[in-house]
Amino acid sequence: MAVAEADPGPPEPTEGEDPLALRIEQLILGAGRQYTPFQAARAAGVPMDLASRFWRAMGFPDIGQARALTEADVLALRRLAGMVEAGLLSESMAIQVARSTGQTTARLADWQIDSFLEGLTEPPEPGMTRTEVAYPLVELLLPELQEFLVYVWRRQLAAATGRVVQAQDDAEMVDRRLAVGFADLVGFTRLTRRLEEEQLGELVEAFETTAADQVAAHGGRLIKTLGDEVLFAADDAGTAAEIGLRLVETLGDDPMMPELRVGIAFGTVTTRMGDVFGNTVNLASRLTSIAPKDMVLVDGALREELTAAGLAPRSEKAAEHSEAYRFALQPLYQRPVRGLGIVEPWLLTRRG
């Protein structure tokens, strides 16, 4: 009769590794280190080369054959491989799922540690270390943050699914007609040389927070933030125009905030892993770079969408006969734009 091997338990900390840090890791992961990568791949029934591709896609480094993985790592591999085997995902799509999830959650985790936990772990008593305070704090917050993360993800997934279902045909699920806008802080490079690091961080955080709030409140989607620049998208021209003007108006009321430039274009956009690509995006970026300070520039396609929807007049003469228009459009000189040919920008303002 075979005798079952005793569970060796989690390994001792390696040289130079903090035992308390190992305890926090085990608390967060819900289990101790148990498997080497080879053992985890074998337990999941996944070839080692595919397991390595999944781990790298999720943003995890190669660890050789150190015993550092848990039962949760095995289960994650088994789930990804199972979706491929069932034909629900191709292998390349499963890699993309791993990469997009890893990139998104890595940024979220960095933010939570840098901005959230760091501010809450000031030692309450002399002699206590930040790490000693972190353990009970993580123990209390972890289940609440996990539930909140799942809730927000489900909400976002429902909204994204709704947009896809409303697409007119299959092609629109990947290549869609959207309004895309950039908002860019003027003179940010000069500010980086003048402000202290803490002041610069506060300014960027205020800008990103305000931009995110305005984009969400008026029905757009924040695609990404780049420190001194945000990229947003909207399903229709009117929503994008309102967001662009609101950003200029809201940030313009803050005396500590630099001037803002906004450029918006409308057209076919390729969506991939939560990002947007294509000539429409490039045109919006170019419009932003030539926009006057605290102004919004749009392209001819967005202007056509606004006038067709009755949101802006086709001419000043038409505007004289109606007070119903929300926006005004003023043509500017045509100009060559690198890589996009001749472009005629339009200055977008509010009527009245």
# chains A, B, ... in the order shown; residues from 1 in each chain; ligands from 1
call {"tool": "closest_atom_pairs", "arguments": {"of": "region 138-213 of chain A", "to": "region 230-238 of chain A", "cutoff": "8 Å", "atoms": "only C-alpha atoms", "output": "CSV"}}
result
residue,atom,partner,partner_atom,distance
A:Arg177,CA,A:Asp235,CA,7.5
A:Leu178,CA,A:Asp235,CA,5.1
A:Ala179,CA,A:Ala234,CA,5.2
A:Val180,CA,A:Ala233,CA,4.4
A:Gly181,CA,A:Phe232,CA,5.3
A:Phe182,CA,A:Leu231,CA,4.7
A:Ala183,CA,A:Val230,CA,5.4
A:Asp184,CA,A:Val230,CA,6.7
A:Glu208,CA,A:Val230,CA,7.4
A:Ala211,CA,A:Val230,CA,7.4
call {"tool": "write_last_selection", "arguments": {"atoms": "C-alpha atoms", "output": "PDB file, in the first residue's frame"}}
result
ATOM      1  CA  ARG A 177     -17.489  54.660 -36.476  1.00  0.00           C
ATOM      2  CA  LEU A 178     -16.711  56.677 -33.370  1.00  0.00           C
ATOM      3  CA  ALA A 179     -15.796  60.165 -32.281  1.00  0.00           C
ATOM      4  CA  VAL A 180     -12.291  60.190 -30.819  1.00  0.00           C
ATOM      5  CA  GLY A 181     -10.787  63.067 -28.874  1.00  0.00           C
ATOM      6  CA  PHE A 182      -7.510  64.049 -27.245  1.00  0.00           C
ATOM      7  CA  ALA A 183      -7.144  66.636 -24.480  1.00  0.00           C
ATOM      8  CA  ASP A 184      -3.612  67.899 -23.899  1.00  0.00           C
ATOM      9  CA  GLU A 208      -6.783  62.873 -14.899  1.00  0.00           C
ATOM     10  CA  ALA A 211     -11.043  64.495 -17.249  1.00  0.00           C
TER      11      ALA A 211
END
call {"tool": "residues_around", "arguments": {"residues": "Leu251 (chain A)", "least_positions_apart": "3", "cutoff": "10 Å", "atoms": "only C-alpha atoms", "output": "compact mmCIF listing (two decimals) with N, CA, C and O atoms, in the first residue's frame"}}
result
# COMPACT_ATOMS: atom_id res chain seq x y z
N LEU A 185 -2.56 69.02 -22.02
CA LEU A 185 -2.13 70.18 -21.24
C LEU A 185 -1.03 70.93 -21.98
O LEU A 185 -0.06 70.33 -22.42
N ALA A 206 -5.01 65.57 -10.53
CA ALA A 206 -6.18 66.43 -10.65
C ALA A 206 -6.69 66.48 -12.08
O ALA A 206 -7.90 66.43 -12.34
N PHE A 207 -5.76 66.56 -13.03
CA PHE A 207 -6.14 66.58 -14.45
C PHE A 207 -6.82 65.28 -14.85
O PHE A 207 -7.91 65.29 -15.47
N THR A 210 -10.34 64.95 -13.12
CA THR A 210 -11.34 65.84 -13.71
C THR A 210 -11.74 65.35 -15.09
O THR A 210 -12.93 65.31 -15.44
N ALA A 211 -10.75 64.97 -15.90
CA ALA A 211 -11.04 64.49 -17.25
C ALA A 211 -11.90 63.23 -17.20
O ALA A 211 -12.89 63.10 -17.93
N ARG A 246 -16.71 70.77 -22.27
CA ARG A 246 -16.76 70.68 -20.81
C ARG A 246 -15.36 70.59 -20.21
O ARG A 246 -15.08 71.16 -19.15
N LEU A 247 -14.47 69.86 -20.86
CA LEU A 247 -13.09 69.76 -20.37
C LEU A 247 -12.43 71.13 -20.35
O LEU A 247 -11.79 71.52 -19.36
N VAL A 248 -12.58 71.87 -21.44
CA VAL A 248 -11.98 73.22 -21.51
C VAL A 248 -12.59 74.13 -20.45
O VAL A 248 -11.88 74.86 -19.75
N ASP A 254 -9.95 76.33 -13.08
CA ASP A 254 -8.94 76.03 -12.06
C ASP A 254 -7.69 76.88 -12.33
O ASP A 254 -6.99 76.66 -13.32
N PRO A 255 -7.40 77.84 -11.46
CA PRO A 255 -6.26 78.74 -11.73
C PRO A 255 -4.91 78.02 -11.67
O PRO A 255 -3.92 78.53 -12.19
N MET A 256 -4.85 76.86 -11.06
CA MET A 256 -3.59 76.12 -10.95
C MET A 256 -3.34 75.23 -12.18
O MET A 256 -2.25 74.68 -12.32
N MET A 257 -4.34 75.10 -13.04
CA MET A 257 -4.22 74.19 -14.17
C MET A 257 -3.75 74.92 -15.42
O MET A 257 -4.22 76.02 -15.71
N PRO A 258 -2.81 74.36 -16.18
CA PRO A 258 -2.39 74.98 -17.44
C PRO A 258 -3.54 75.02 -18.45
O PRO A 258 -4.59 74.39 -18.25
N GLU A 259 -3.32 75.77 -19.55
CA GLU A 259 -4.32 75.78 -20.61
C GLU A 259 -4.44 74.39 -21.23
O GLU A 259 -3.55 73.56 -21.10
N LEU A 260 -5.56 74.19 -21.91
CA LEU A 260 -5.85 72.89 -22.49
C LEU A 260 -6.11 73.03 -23.99
O LEU A 260 -6.65 74.04 -24.44
N ASP A 294 -7.00 76.51 -24.91
CA ASP A 294 -8.36 76.50 -24.38
C ASP A 294 -9.40 76.54 -25.48
O ASP A 294 -10.45 77.19 -25.36
call {"tool": "residues_around", "arguments": {"residues": "Phe188 (chain A)", "least_positions_apart": "2", "cutoff": "10 Å", "atoms": "only C-alpha atoms", "output": "ChimeraX atom specification"}}
result
/A:184-186,190-194,200,204,227-229,258-259
call {"tool": "write_last_selection", "arguments": {"atoms": "all heavy atoms", "output": "compact mmCIF listing (two decimals), in the first residue's frame"}}
result
# COMPACT_ATOMS: atom_id res chain seq x y z
N ASP A 184 -5.04 67.81 -24.18
CA ASP A 184 -3.61 67.90 -23.90
C ASP A 184 -3.31 69.17 -23.12
O ASP A 184 -3.76 70.26 -23.48
CB ASP A 184 -2.86 67.89 -25.23
CG ASP A 184 -1.36 68.09 -25.06
OD1 ASP A 184 -0.76 67.28 -24.34
OD2 ASP A 184 -0.82 69.05 -25.61
N LEU A 185 -2.56 69.02 -22.02
CA LEU A 185 -2.13 70.18 -21.24
C LEU A 185 -1.03 70.93 -21.98
O LEU A 185 -0.06 70.33 -22.42
CB LEU A 185 -1.63 69.75 -19.86
CG LEU A 185 -2.66 69.17 -18.89
CD1 LEU A 185 -1.97 68.71 -17.60
CD2 LEU A 185 -3.75 70.20 -18.56
N VAL A 186 -1.16 72.24 -22.08
CA VAL A 186 -0.19 73.07 -22.79
C VAL A 186 1.02 73.34 -21.88
O VAL A 186 0.87 73.66 -20.70
CB VAL A 186 -0.83 74.40 -23.25
CG1 VAL A 186 0.21 75.28 -23.96
CG2 VAL A 186 -2.02 74.13 -24.15
N ARG A 190 7.58 72.18 -19.73
CA ARG A 190 8.16 73.27 -18.92
C ARG A 190 7.78 73.11 -17.45
O ARG A 190 8.58 73.41 -16.56
CB ARG A 190 7.68 74.63 -19.45
CG ARG A 190 8.23 74.99 -20.82
CD ARG A 190 8.00 76.45 -21.14
NE ARG A 190 6.59 76.80 -21.09
CZ ARG A 190 5.75 76.68 -22.12
NH1 ARG A 190 6.20 76.20 -23.28
NH2 ARG A 190 4.48 77.02 -22.03
N LEU A 191 6.55 72.66 -17.21
CA LEU A 191 6.12 72.47 -15.82
C LEU A 191 6.95 71.42 -15.11
O LEU A 191 7.23 71.54 -13.92
CB LEU A 191 4.64 72.06 -15.80
CG LEU A 191 3.61 73.17 -15.99
CD1 LEU A 191 2.21 72.58 -16.05
CD2 LEU A 191 3.69 74.19 -14.85
N THR A 192 7.33 70.37 -15.83
CA THR A 192 8.11 69.30 -15.19
C THR A 192 9.45 69.81 -14.69
O THR A 192 10.00 69.26 -13.73
CB THR A 192 8.35 68.14 -16.18
OG1 THR A 192 9.07 68.61 -17.31
CG2 THR A 192 7.04 67.53 -16.64
N ARG A 193 9.97 70.86 -15.32
CA ARG A 193 11.25 71.43 -14.88
C ARG A 193 11.06 72.42 -13.74
O ARG A 193 12.00 72.69 -12.99
CB ARG A 193 11.94 72.11 -16.06
CG ARG A 193 12.39 71.16 -17.15
CD ARG A 193 13.34 71.82 -18.12
NE ARG A 193 12.68 72.84 -18.90
CZ ARG A 193 12.20 72.65 -20.13
NH1 ARG A 193 12.29 71.44 -20.69
NH2 ARG A 193 11.63 73.64 -20.79
N ARG A 194 9.85 72.95 -13.58
CA ARG A 194 9.62 74.02 -12.61
C ARG A 194 9.02 73.52 -11.30
O ARG A 194 9.31 74.06 -10.24
CB ARG A 194 8.70 75.07 -13.23
CG ARG A 194 8.70 76.40 -12.49
CD ARG A 194 7.83 77.42 -13.19
NE ARG A 194 6.42 77.16 -13.00
CZ ARG A 194 5.50 77.24 -13.94
NH1 ARG A 194 5.84 77.52 -15.17
NH2 ARG A 194 4.24 77.01 -13.69
N LEU A 200 3.90 68.13 -9.10
CA LEU A 200 3.62 67.64 -10.44
C LEU A 200 2.67 66.44 -10.38
O LEU A 200 1.73 66.33 -11.18
CB LEU A 200 4.92 67.23 -11.13
CG LEU A 200 4.84 66.96 -12.64
CD1 LEU A 200 4.43 68.20 -13.40
CD2 LEU A 200 6.18 66.45 -13.14
N VAL A 204 -1.08 66.24 -12.14
CA VAL A 204 -1.47 65.18 -13.07
C VAL A 204 -2.68 64.43 -12.55
O VAL A 204 -3.62 64.12 -13.30
CB VAL A 204 -0.29 64.22 -13.31
CG1 VAL A 204 -0.75 62.96 -14.05
CG2 VAL A 204 0.81 64.91 -14.10
N GLY A 227 -0.50 60.99 -18.66
CA GLY A 227 0.11 62.04 -17.84
C GLY A 227 -0.47 63.40 -18.17
O GLY A 227 -1.34 63.91 -17.47
N ASP A 228 0.02 64.01 -19.26
CA ASP A 228 -0.45 65.34 -19.64
C ASP A 228 -1.50 65.27 -20.75
O ASP A 228 -1.89 66.30 -21.29
CB ASP A 228 0.72 66.20 -20.11
CG ASP A 228 1.42 65.62 -21.33
OD1 ASP A 228 1.38 64.38 -21.49
OD2 ASP A 228 1.99 66.38 -22.12
N GLU A 229 -1.98 64.07 -21.07
CA GLU A 229 -2.91 63.91 -22.17
C GLU A 229 -3.89 62.79 -21.86
O GLU A 229 -3.53 61.80 -21.24
CB GLU A 229 -2.15 63.61 -23.45
CG GLU A 229 -2.98 63.59 -24.72
CD GLU A 229 -2.12 63.41 -25.96
OE1 GLU A 229 -1.40 62.39 -26.03
OE2 GLU A 229 -2.14 64.28 -26.85
N PRO A 258 -2.81 74.36 -16.18
CA PRO A 258 -2.39 74.98 -17.44
C PRO A 258 -3.54 75.02 -18.45
O PRO A 258 -4.59 74.39 -18.25
CB PRO A 258 -1.27 74.06 -17.93
CG PRO A 258 -0.89 73.22 -16.77
CD PRO A 258 -2.10 73.12 -15.90
N GLU A 259 -3.32 75.77 -19.55
CA GLU A 259 -4.32 75.78 -20.61
C GLU A 259 -4.44 74.39 -21.23
O GLU A 259 -3.55 73.56 -21.10
CB GLU A 259 -3.96 76.80 -21.70
CG GLU A 259 -4.03 78.25 -21.25
CD GLU A 259 -2.67 78.77 -20.82
OE1 GLU A 259 -1.75 77.93 -20.57
OE2 GLU A 259 -2.50 79.99 -20.75
call {"tool": "residues_around", "arguments": {"residues": "Pro336 (chain A)", "least_positions_apart": "4", "cutoff": "12 Å", "atoms": "only C-alpha atoms", "output": "list of chain:residue names"}}
result
A:Leu283, A:Arg286, A:Leu287, A:Ile290, A:Leu340, A:Gly341, A:Ile342, A:Val343, A:Glu344, A:Pro345
call {"tool": "atom_distance", "arguments": {"atom1": "CA of Leu142 (chain A)", "atom2": "CA of Gly274 (chain A)"}}
result
26.2 Å
call {"tool": "atom_distance", "arguments": {"atom1": "CA of Glu249 (chain A)", "atom2": "CA of Arg303 (chain A)"}}
result
20.4 Å
call {"tool": "decode", "arguments": {"residues": "region 182-195 of chain A", "atoms": "all heavy atoms", "output": "compact mmCIF listing (two decimals), in the first residue's frame"}}
result
# COMPACT_ATOMS: atom_id res chain seq x y z
N PHE A 182 -8.66 63.90 -28.14
CA PHE A 182 -7.51 64.05 -27.24
C PHE A 182 -7.64 65.38 -26.51
O PHE A 182 -8.08 66.37 -27.09
CB PHE A 182 -6.19 64.06 -28.03
CG PHE A 182 -5.71 62.72 -28.48
CD1 PHE A 182 -6.08 62.23 -29.72
CD2 PHE A 182 -4.88 61.94 -27.67
CE1 PHE A 182 -5.64 60.99 -30.15
CE2 PHE A 182 -4.44 60.71 -28.10
CZ PHE A 182 -4.81 60.23 -29.34
N ALA A 183 -7.25 65.40 -25.25
CA ALA A 183 -7.14 66.64 -24.48
C ALA A 183 -5.73 66.70 -23.92
O ALA A 183 -5.27 65.75 -23.27
CB ALA A 183 -8.17 66.68 -23.35
N ASP A 184 -5.04 67.81 -24.18
CA ASP A 184 -3.61 67.90 -23.90
C ASP A 184 -3.31 69.17 -23.12
O ASP A 184 -3.76 70.26 -23.48
CB ASP A 184 -2.86 67.89 -25.23
CG ASP A 184 -1.36 68.09 -25.06
OD1 ASP A 184 -0.76 67.28 -24.34
OD2 ASP A 184 -0.82 69.05 -25.61
N LEU A 185 -2.56 69.02 -22.02
CA LEU A 185 -2.13 70.18 -21.24
C LEU A 185 -1.03 70.93 -21.98
O LEU A 185 -0.06 70.33 -22.42
CB LEU A 185 -1.63 69.75 -19.86
CG LEU A 185 -2.66 69.17 -18.89
CD1 LEU A 185 -1.97 68.71 -17.60
CD2 LEU A 185 -3.75 70.20 -18.56
N VAL A 186 -1.16 72.24 -22.08
CA VAL A 186 -0.19 73.07 -22.79
C VAL A 186 1.02 73.34 -21.88
O VAL A 186 0.87 73.66 -20.70
CB VAL A 186 -0.83 74.40 -23.25
CG1 VAL A 186 0.21 75.28 -23.96
CG2 VAL A 186 -2.02 74.13 -24.15
N GLY A 187 2.23 73.22 -22.43
CA GLY A 187 3.44 73.56 -21.68
C GLY A 187 3.77 72.63 -20.56
O GLY A 187 4.44 73.01 -19.59
N PHE A 188 3.37 71.35 -20.67
CA PHE A 188 3.61 70.41 -19.58
C PHE A 188 5.10 70.15 -19.38
O PHE A 188 5.56 69.99 -18.25
CB PHE A 188 2.87 69.10 -19.87
CG PHE A 188 2.96 68.10 -18.74
CD1 PHE A 188 2.19 68.26 -17.59
CD2 PHE A 188 3.81 67.02 -18.81
CE1 PHE A 188 2.27 67.35 -16.55
CE2 PHE A 188 3.91 66.10 -17.79
CZ PHE A 188 3.13 66.27 -16.66
N THR A 189 5.86 70.10 -20.47
CA THR A 189 7.30 69.85 -20.36
C THR A 189 7.98 70.92 -19.52
O THR A 189 8.85 70.64 -18.69
CB THR A 189 7.95 69.77 -21.74
OG1 THR A 189 7.29 68.74 -22.50
CG2 THR A 189 9.43 69.45 -21.63
N ARG A 190 7.58 72.18 -19.73
CA ARG A 190 8.16 73.27 -18.92
C ARG A 190 7.78 73.11 -17.45
O ARG A 190 8.58 73.41 -16.56
CB ARG A 190 7.68 74.63 -19.45
CG ARG A 190 8.23 74.99 -20.82
CD ARG A 190 8.00 76.45 -21.14
NE ARG A 190 6.59 76.80 -21.09
CZ ARG A 190 5.75 76.68 -22.12
NH1 ARG A 190 6.20 76.20 -23.28
NH2 ARG A 190 4.48 77.02 -22.03
N LEU A 191 6.55 72.66 -17.21
CA LEU A 191 6.12 72.47 -15.82
C LEU A 191 6.95 71.42 -15.11
O LEU A 191 7.23 71.54 -13.92
CB LEU A 191 4.64 72.06 -15.80
CG LEU A 191 3.61 73.17 -15.99
CD1 LEU A 191 2.21 72.58 -16.05
CD2 LEU A 191 3.69 74.19 -14.85
N THR A 192 7.33 70.37 -15.83
CA THR A 192 8.11 69.30 -15.19
C THR A 192 9.45 69.81 -14.69
O THR A 192 10.00 69.26 -13.73
CB THR A 192 8.35 68.14 -16.18
OG1 THR A 192 9.07 68.61 -17.31
CG2 THR A 192 7.04 67.53 -16.64
N ARG A 193 9.97 70.86 -15.32
CA ARG A 193 11.25 71.43 -14.88
C ARG A 193 11.06 72.42 -13.74
O ARG A 193 12.00 72.69 -12.99
CB ARG A 193 11.94 72.11 -16.06
CG ARG A 193 12.39 71.16 -17.15
CD ARG A 193 13.34 71.82 -18.12
NE ARG A 193 12.68 72.84 -18.90
CZ ARG A 193 12.20 72.65 -20.13
NH1 ARG A 193 12.29 71.44 -20.69
NH2 ARG A 193 11.63 73.64 -20.79
N ARG A 194 9.85 72.95 -13.58
CA ARG A 194 9.62 74.02 -12.61
C ARG A 194 9.02 73.52 -11.30
O ARG A 194 9.31 74.06 -10.24
CB ARG A 194 8.70 75.07 -13.23
CG ARG A 194 8.70 76.40 -12.49
CD ARG A 194 7.83 77.42 -13.19
NE ARG A 194 6.42 77.16 -13.00
CZ ARG A 194 5.50 77.24 -13.94
NH1 ARG A 194 5.84 77.52 -15.17
NH2 ARG A 194 4.24 77.01 -13.69
N LEU A 195 8.19 72.49 -11.37
CA LEU A 195 7.47 72.03 -10.19
C LEU A 195 8.23 70.92 -9.48
O LEU A 195 8.98 70.16 -10.08
CB LEU A 195 6.08 71.50 -10.58
CG LEU A 195 5.10 72.52 -11.17
CD1 LEU A 195 3.79 71.82 -11.51
CD2 LEU A 195 4.85 73.67 -10.22
